[in-house]
Structures are given as C-alpha cells and as structure tokens.
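Here is the structure we will look at.
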Amino acid sequence: MSTCEDSDVRADLKRSVMTRVPPLLNDLYQFSMAYAYWRADRHREPAVFELFFRDNPFGGGFSLFAGLNDCLVFLKNFAFSDQDVEYLRSVLPANTDPDFFLYLKELDCSSVSVCAVPEGSVVFARVPLLEVSGPLAVVQLLETSLLCLVNYASLVCSNAARFRLAAGPQRRLIEMGLRRAQGPDGGLTASRYTFVGGFDLTSNALAGRLYGIPVVGTMAHSYVTSFSSLAEVWPKTLTPVGGGGGIDFISLVKGRLSSVCQLLGSKADLIREGELAAFMSFAIAYPHNFLPVIDSYSVSCSGLVCFCAVALALCELKYQPLGVRLDSGDLCRQSLEVRRVFKECSKQFSVPQFESLIIVGTNSISEKSLAELNKKDNEIDVIGVGTHLVTCTRQPSLGCVYKLIEVRGRPRMKLSEDPEKSTLPGRKSVYRLLDTDGHPQMDLICLSEEPVPTTGVSLNYIPLVSETSLQSITPAQVTSLRLDVFTCGQIMYPISSASESREQAQISLQMLLPRHKKLQEPHNYTVGVSERLNSLVSDIRRGNSKDNKFLLSN
C-alpha cells in the first residue's frame, strides 16, 4: 500500500471511530460525577482505573482482547465541541456552575496515560486489560466509551475464535452477519473483529474498504426467483477467454443440459426454466466468478443440474466456474451428492475443472451445528456464518467493568456482598508465566512496585478462584503482559491493521494449550495474585489499610 493510500485508510479509520464514538456518547451520570469532582476541587487529583471482565465468555476457557486500536484513536481525539457543551448545559441541573462548562470545553486527554494488553492477545477473567491513569474527572468520563469499544469487540472476536476452533484450521469461514447485526455499528465491528478472531472473508463491503478484509458474495435467492424464462437472458452471447466473436451462450448451455440430464437421469420437466435463466444471466455477467445458490427450488432436481450445464459451457469457453452455495436442508448429505455429481461430470465430460469446484454451506450455522457438522461425512469447503456469530446468541455481553483502583496514590477497592464483584486495589503489573515451550502456564497479578518474577526461581501466589490456598510455581519464561500504549496524550503503540491484529490473535491462540481451548468443559487457566497484593486485599477488608480507615467504594 502506498503512503498516500495508507494515509487515506488511517483517515477513514479516524472518521469511523469519531463518528461512532464521539465524547458525548456517554452516560449522563459520568458528567454528574465529573461536576461533583470539579465542584469539590478534586477533578485534578491523580486517579487510576482498570478495565477487566469477570468470567470467560461462552463457558469457555479464554477470551481475545480487541478494541484497543479504537480506544487509542478515541483518546487521541477526545474533545467536546461547543454544541456538545451547550447540550450538556441544557440537560444538567439548572444550578450547575457555568464555569464547569468552560472547563469541559478545554478538556482533552493530554494528561491521560494507558497501559494495555496488545490487541489480539489471549486473555482471561479478572486480568486487568487496560489501566487508565490521569486526572480524576477525565478518567471518570472515559469509562462508558472505553467499555463500549472493548466489550463487544472482544466478545465477537472471541466468538469467532471459537467458531474457528469448531471448524478446524482448513475450512474457510465467511462472516455474513451484517443484515442480522445490532445496527450498522454492530455489523461493522463484527466484520472487523470476526476477521481478527479467525474468519477469512466478509460480505461487508465497507469493512473491506476500511479494514482491508477480503470481501466475497455472489447472489441471493431473490436473484434466482426474479427470472421466469430464458427470454429474460440478455445479452445472449459470451466471448471466450481467448477472444473472438461472441458465442450463443443459451444454445451452448442447452446442449450441455441435455448431456447432464442424460448422465444423471434427471427429468427435464422438473428443471426450473427461471433458475436456468438466472444462472445463465449471472454467468454472462460474471464468467470468472460463477458461484450460484442452488437450493431456491430443488437441489437435486433443478439447481445442481442447471449449475452443471452452465458450468460446463463456461469451461468450454475456457472460464473457471467457482462452485455452488447450499443454504437449506441437510448440508452434509447434499454436499456429498453435489461432490459425487461434480466427479461424474469431470470424468464423463473430461473437464478436470470440476474437481476443484468448491461447496459453500450457509444455513443458520451455530458453533454447535458447526461442531456437529465436522463429525459427519461432508464435502463442504467454505462455511458462511451470520446470526449466531455477530449477535453472540449464547452470551450477549462480555461484561467488562471499569473500576477505580487508586486515588492520590492510595489504593481503592470496591467491597461487595457478592465476593465476585469485589475488586483488586492498587496499581498493578501483570505477568504471563510460560513453560519451556512458550505455552502460558498462568497469569500473575502483582502490585506495581513488586520486583519482576525471575525465570527459574520459585514464587508463591494465591489463585483468584480460591483466594485461600497458597501455591508455588517456577516459571521457565516470564513476559510482561501489558505495554505503555498511550502516554500524556500521545499514542505510543502502533495502530495495527486488521491483518496484523489477526496474526497476533492466531499466534496467541496457537501458543495456548489445547486443554484451555476446548469448547466444552475446558481446563481452568490459572490467574493468581502475589502474596503482597493478597495481603493488601486482606488489610482493606479488615479495615486496616495504612492509608485510610474509611474505604472509598466505586
């Protein structure tokens, strides 16, 4: 890609983010709290929040972190317009100090810093994905937008990774859920992050333009059913690949149709003339991209026969048809029948191109049905998935939260009657401990001032799932899980393309042990806290924090 093209793409990405997530896309109570901080002269106090989720999605053993790129673009361009401020003036209480709105007009993220897990990384429940530090009022105002950018992106990316695991590494996957998504932004986000999660292609043209994702698509049933007779085919000729005069394509196809019917024992009176006309018309328009849907009426009686006749005619003119799409019924059984017919035609008519025709399956595919499909004999090369992928029907939300962990250098912890909703106080470092082959063994959460774990040296930790049993581990390798990605208003982490994020995600998944990637009943991956962090939690719970007897809950 040229420098000019790259600049255009980045400009498109910026416009996309700022159009979808302007600073005013926020919960009103964030502005109410910001005003209260400002009114108490606390708005400049240094504060730290962290973003994490409490449970791995879909009953699985992992998640993929996504949405970081959009977060960085959002932070870099965070500013309220005059129109934004005037609207806030109209909805906040009338006694709001007018000077607060002057403060909002000057607000930006020049004093904000973020450390984060790299985009596309495998992550686990309770591990802080983002740490956001800066003036208290500003980092409070960022909460809703950052959650909005990370929650769905990570969820649908993780869902895509599970579909990829269910499909296996060889079968190609098409994301085609735009029409089923929760609105335009849901559709665009899904196309981007399902590609990162392991899908190969999308039907979404805008996603192709913005993110460089390969785009595919041929025809719907409506195209087939719009035809009723061969008289509607126009133009009626097709020029061979080698050039020359146009060939009467209708006559050529009719001749091949007779041969196919004789070979397969098909009944001519069951063939739909409109379906044949639709296939002819499309083949004339796109002779290099002929891949029709063949189940508008009957696959065996009409659709498959018509396809073979048109495909044979294309081959005779030196074009290469691509294949067929099946969208209803027993996809496995039908794919076996289709492949058998392709092989018979290849042998009977000496057309080797029929050996490489692909079969695409689309029919409300879910993770479960995809896993079941893999257990049966079938000849499906490509799977198209829509509704169950982009809407994440098994789990509608990842449940990321954004919690205060420090103010004025003092640790803060949310206490709750529900222990799972308690938070871990203080600024932290997060390390991934690896075995000798580079496979993740556990994630360790420490206080930021603690020394980095040493390779080959035993260390103690407390698993978060039990919080009581002291364990020990000797890491073969240690890596810091988070990077400084945004410092004092400047992006420090390269904005990755969708392809680069996809590569990171696939490498990260490959290193994860199979027992943690099982779709059903995976082994729990260990996330633990250091002894010092565990002691701080215990002190605060007992009300014995050195900092304060009164605990600030967020």
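Every chain in the structure tokens takes a letter, A first, then B, and so on in the order presented; its residues are numbered from 1, and the ligands are numbered from 1 following the presented order.
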
Would you list, as a ChimeraX atom specification, the residues of range 90-171 of chain A that end up in helix (DSSP H, G or I) under DSSP run on this structure's backbone? /A:90-91,98-105,136-141,143-167

Would you list the contacts of Ser229 in chain A as a PDB file with all heavy atoms, in the first residue's frame, taking every protein, DNA or RNA residue within 6 Å and counting only C-alpha atoms, but skipping same-chain residues closer than 3 positions in sequence?
ATOM      1  N   GLU A 232     -35.553 -13.857 -20.763  1.00  0.00           N
ATOM      2  CA  GLU A 232     -35.051 -12.757 -19.943  1.00  0.00           C
ATOM      3  C   GLU A 232     -33.529 -12.678 -19.920  1.00  0.00           C
ATOM      4  O   GLU A 232     -32.969 -11.736 -19.349  1.00  0.00           O
ATOM      5  CB  GLU A 232     -35.575 -12.902 -18.513  1.00  0.00           C
ATOM      6  CG  GLU A 232     -37.094 -12.777 -18.412  1.00  0.00           C
ATOM      7  CD  GLU A 232     -37.618 -13.190 -17.051  1.00  0.00           C
ATOM      8  OE1 GLU A 232     -37.325 -14.324 -16.608  1.00  0.00           O
ATOM      9  OE2 GLU A 232     -38.309 -12.372 -16.423  1.00  0.00           O
ATOM     10  N   GLU A 273     -37.066 -23.388 -15.509  1.00  0.00           N
ATOM     11  CA  GLU A 273     -36.517 -22.550 -16.566  1.00  0.00           C
ATOM     12  C   GLU A 273     -35.990 -21.231 -16.017  1.00  0.00           C
ATOM     13  O   GLU A 273     -34.942 -20.723 -16.447  1.00  0.00           O
ATOM     14  CB  GLU A 273     -37.592 -22.285 -17.637  1.00  0.00           C
ATOM     15  CG  GLU A 273     -37.074 -21.463 -18.812  1.00  0.00           C
ATOM     16  CD  GLU A 273     -38.140 -21.223 -19.864  1.00  0.00           C
ATOM     17  OE1 GLU A 273     -39.214 -21.858 -19.795  1.00  0.00           O
ATOM     18  OE2 GLU A 273     -37.897 -20.386 -20.768  1.00  0.00           O
ATOM     19  N   GLY A 274     -36.703 -20.676 -15.043  1.00  0.00           N
ATOM     20  CA  GLY A 274     -36.254 -19.417 -14.447  1.00  0.00           C
ATOM     21  C   GLY A 274     -34.912 -19.557 -13.744  1.00  0.00           C
ATOM     22  O   GLY A 274     -34.080 -18.652 -13.798  1.00  0.00           O
TER      23      GLY A 274
END

As a PyMOL selection string, please: the residues near Leu433 in chain A (cut-off 10 Å, only C-alpha atoms, same-chain neighbours under 2 positions excluded). chain A and resi 430-431+435+438-444+453-455+473-481

Selection near range 392-396 of chain A, 8 Å with only C-alpha atoms, sequence-local residues under 3 positions removed, as a tab-separated table (two decimals) with N, CA, C and O atoms, in the first residue's frame:
chain	number	residue	atom	x	y	z
A	57	PRO	N	-16.02	-15.82	28.43
A	57	PRO	CA	-17.31	-15.90	27.74
A	57	PRO	C	-17.63	-17.29	27.19
A	57	PRO	O	-16.73	-18.10	26.95
A	58	PHE	N	-18.91	-17.54	26.98
A	58	PHE	CA	-19.44	-18.74	26.32
A	58	PHE	C	-19.10	-20.03	27.08
A	58	PHE	O	-19.06	-21.11	26.49
A	155	LEU	N	-15.89	-9.61	22.71
A	155	LEU	CA	-16.84	-10.71	22.74
A	155	LEU	C	-16.97	-11.38	21.37
A	155	LEU	O	-16.88	-12.60	21.24
A	156	VAL	N	-17.20	-10.57	20.32
A	156	VAL	CA	-17.42	-11.15	18.99
A	156	VAL	C	-16.13	-11.73	18.43
A	156	VAL	O	-16.14	-12.73	17.70
A	159	ASN	N	-15.91	-15.04	20.05
A	159	ASN	CA	-16.89	-15.93	19.44
A	159	ASN	C	-16.36	-16.47	18.12
A	159	ASN	O	-16.49	-17.66	17.80
A	387	THR	N	-26.02	-14.92	11.80
A	387	THR	CA	-26.74	-14.56	13.03
A	387	THR	C	-26.02	-14.98	14.29
A	387	THR	O	-25.78	-14.16	15.19
A	388	HIS	N	-25.69	-16.26	14.40
A	388	HIS	CA	-25.13	-16.76	15.66
A	388	HIS	C	-23.73	-16.23	15.94
A	388	HIS	O	-23.27	-16.24	17.08
A	389	LEU	N	-23.07	-15.77	14.89
A	389	LEU	CA	-21.73	-15.20	15.06
A	389	LEU	C	-21.81	-13.77	15.55
A	389	LEU	O	-21.25	-13.43	16.60

Quick one: pull the distance between CA of Ser258 in chain A and CA of Val310 in chain A, Å, one decimal. 11.5 Å

What separation in Å, quoted to one decimal, exists between CA of Leu92 in chain A and CA of Val48 in chain A?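 About the pair CA of Leu92 in chain A and CA of Val48 in chain A: they are 26.0 Å apart.
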
Point-to-point distance in Å for CA of Met219 in chain A and CA of Ile358 in chain A: 15.5 Å

Distance query Asn77 in chain A at most 12 Å, only C-alpha atoms, self and fewer than 4 positions along chain excluded, as a PyMOL selection string: chain A and resi 14-15+17-19+21-23+70-73+81+107-110+489-491

Run DSSP on the backbone and grab whatever in range 83-208 of chain A lands in strand (DSSP E or B); send it over as a PyMOL selection string. chain A and resi 113-116+122-123+130-135+172-175+201-202

Those selected residues, please, written with C-alpha atoms and delivered as a CSV table (one decimal), in the first residue's frame.
chain,number,residue,atom,x,y,z
A,113,SER,CA,-1.8,7.5,30.1
A,114,VAL,CA,-2.8,4.0,29.4
A,115,CYS,CA,-1.1,0.6,29.6
A,116,ALA,CA,-2.8,-2.3,27.9
A,122,VAL,CA,-5.5,-14.3,24.6
A,123,VAL,CA,-6.7,-13.0,27.9
A,130,LEU,CA,-6.4,-1.6,30.4
A,131,GLU,CA,-5.0,0.6,33.2
A,132,VAL,CA,-6.1,4.2,32.7
A,133,SER,CA,-4.4,7.0,34.7
A,134,GLY,CA,-4.9,10.7,34.8
A,135,PRO,CA,-7.0,13.5,36.4
A,172,ARG,CA,-12.6,-21.3,5.1
A,173,LEU,CA,-15.1,-19.2,7.1
A,174,ILE,CA,-17.1,-16.3,5.8
A,175,GLU,CA,-18.7,-13.7,8.1
A,201,LEU,CA,-13.7,-13.4,4.5
A,202,THR,CA,-16.6,-11.0,4.9

Who sits within 8 Å of Leu257 in chain A, only C-alpha atoms, same chain under 6 positions skipped, as number ranges by chain: A: 305-306, 308-310

Since we have the selection now, will you write its residues out, keeping all heavy atoms, as an mmCIF file, in the first residue's frame?
data_model
loop_
_atom_site.group_PDB
_atom_site.id
_atom_site.type_symbol
_atom_site.label_atom_id
_atom_site.label_comp_id
_atom_site.auth_asym_id
_atom_site.auth_seq_id
_atom_site.Cartn_x
_atom_site.Cartn_y
_atom_site.Cartn_z
ATOM 1 N N VAL A 305 -28.443 -29.535 -11.499
ATOM 2 C CA VAL A 305 -28.428 -29.833 -12.935
ATOM 3 C C VAL A 305 -28.163 -28.561 -13.736
ATOM 4 O O VAL A 305 -27.331 -28.534 -14.654
ATOM 5 C CB VAL A 305 -29.764 -30.471 -13.368
ATOM 6 C CG1 VAL A 305 -29.739 -30.769 -14.863
ATOM 7 C CG2 VAL A 305 -30.034 -31.746 -12.565
ATOM 8 N N CYS A 306 -28.873 -27.492 -13.392
ATOM 9 C CA CYS A 306 -28.676 -26.217 -14.090
ATOM 10 C C CYS A 306 -27.250 -25.713 -13.912
ATOM 11 O O CYS A 306 -26.628 -25.212 -14.862
ATOM 12 C CB CYS A 306 -29.667 -25.172 -13.576
ATOM 13 S SG CYS A 306 -31.387 -25.495 -14.028
ATOM 14 N N CYS A 308 -24.494 -27.447 -13.375
ATOM 15 C CA CYS A 308 -23.553 -28.248 -14.153
ATOM 16 C C CYS A 308 -23.598 -27.881 -15.639
ATOM 17 O O CYS A 308 -22.554 -27.794 -16.304
ATOM 18 C CB CYS A 308 -23.842 -29.734 -13.964
ATOM 19 S SG CYS A 308 -23.419 -30.346 -12.318
ATOM 20 N N ALA A 309 -24.789 -27.641 -16.164
ATOM 21 C CA ALA A 309 -24.920 -27.277 -17.575
ATOM 22 C C ALA A 309 -24.231 -25.953 -17.863
ATOM 23 O O ALA A 309 -23.464 -25.813 -18.836
ATOM 24 C CB ALA A 309 -26.392 -27.214 -17.956
ATOM 25 N N VAL A 310 -24.472 -24.952 -17.002
ATOM 26 C CA VAL A 310 -23.866 -23.640 -17.210
ATOM 27 C C VAL A 310 -22.359 -23.704 -16.978
ATOM 28 O O VAL A 310 -21.577 -23.114 -17.732
ATOM 29 C CB VAL A 310 -24.522 -22.594 -16.282
ATOM 30 C CG1 VAL A 310 -23.808 -21.246 -16.400
ATOM 31 C CG2 VAL A 310 -26.004 -22.440 -16.606
#

When you count only C-alpha atoms, which of these residues is closest to Ser364 in chain A: A:Lys518, A:Gly528, A:Leu331, A:Lys376?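 For Ser364 in chain A, the nearest of the given residues is A:Leu331.
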
For Leu146 in chain A, which residue out of A:Asp82, A:Asp27, A:Asp97, A:Asp41 is the nearest one, using only C-alpha atoms? A:Asp27

As a list in words, please: the residues near Val299 in chain A (cut-off 10 Å, only C-alpha atoms, same-chain neighbours under 3 positions excluded).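 Neighbouring residues, sequence-local ones excluded: Val293, Ile294, Asp295, Ser296, Ser302, Gly303, Leu304, Val305, Cys306, Phe307, Leu326, Ser328, Gly329, Gln334, Glu337 and Val338 of chain A.
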
Shortest interatomic distance to Pro463 in chain A - which of A:Met413, A:Leu149, A:Leu447, A:Leu533, counting only C-alpha atoms: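 Smallest separation from Pro463 in chain A among the options: A:Leu533.
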
Of the candidates A:Leu210, A:Ile540, A:Leu483, A:Cys400, which shows the shortest atom-to-atom distance to Ser499 in chain A, using only C-alpha atoms? A:Leu210

Counting only C-alpha atoms, which of A:Val537, A:Val241, A:Ala278, A:Ala498 gets nearest to Ser228 in chain A?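 Among A:Val537, A:Val241, A:Ala278, A:Ala498, it is A:Ala278 that comes nearest to Ser228 in chain A.
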
Distance criterion (only C-alpha atoms): nearest to Gly384 in chain A out of A:Val260, A:Val351, A:Met176, A:Val527: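 Counting only C-alpha atoms, the residue closest to Gly384 in chain A is A:Met176.
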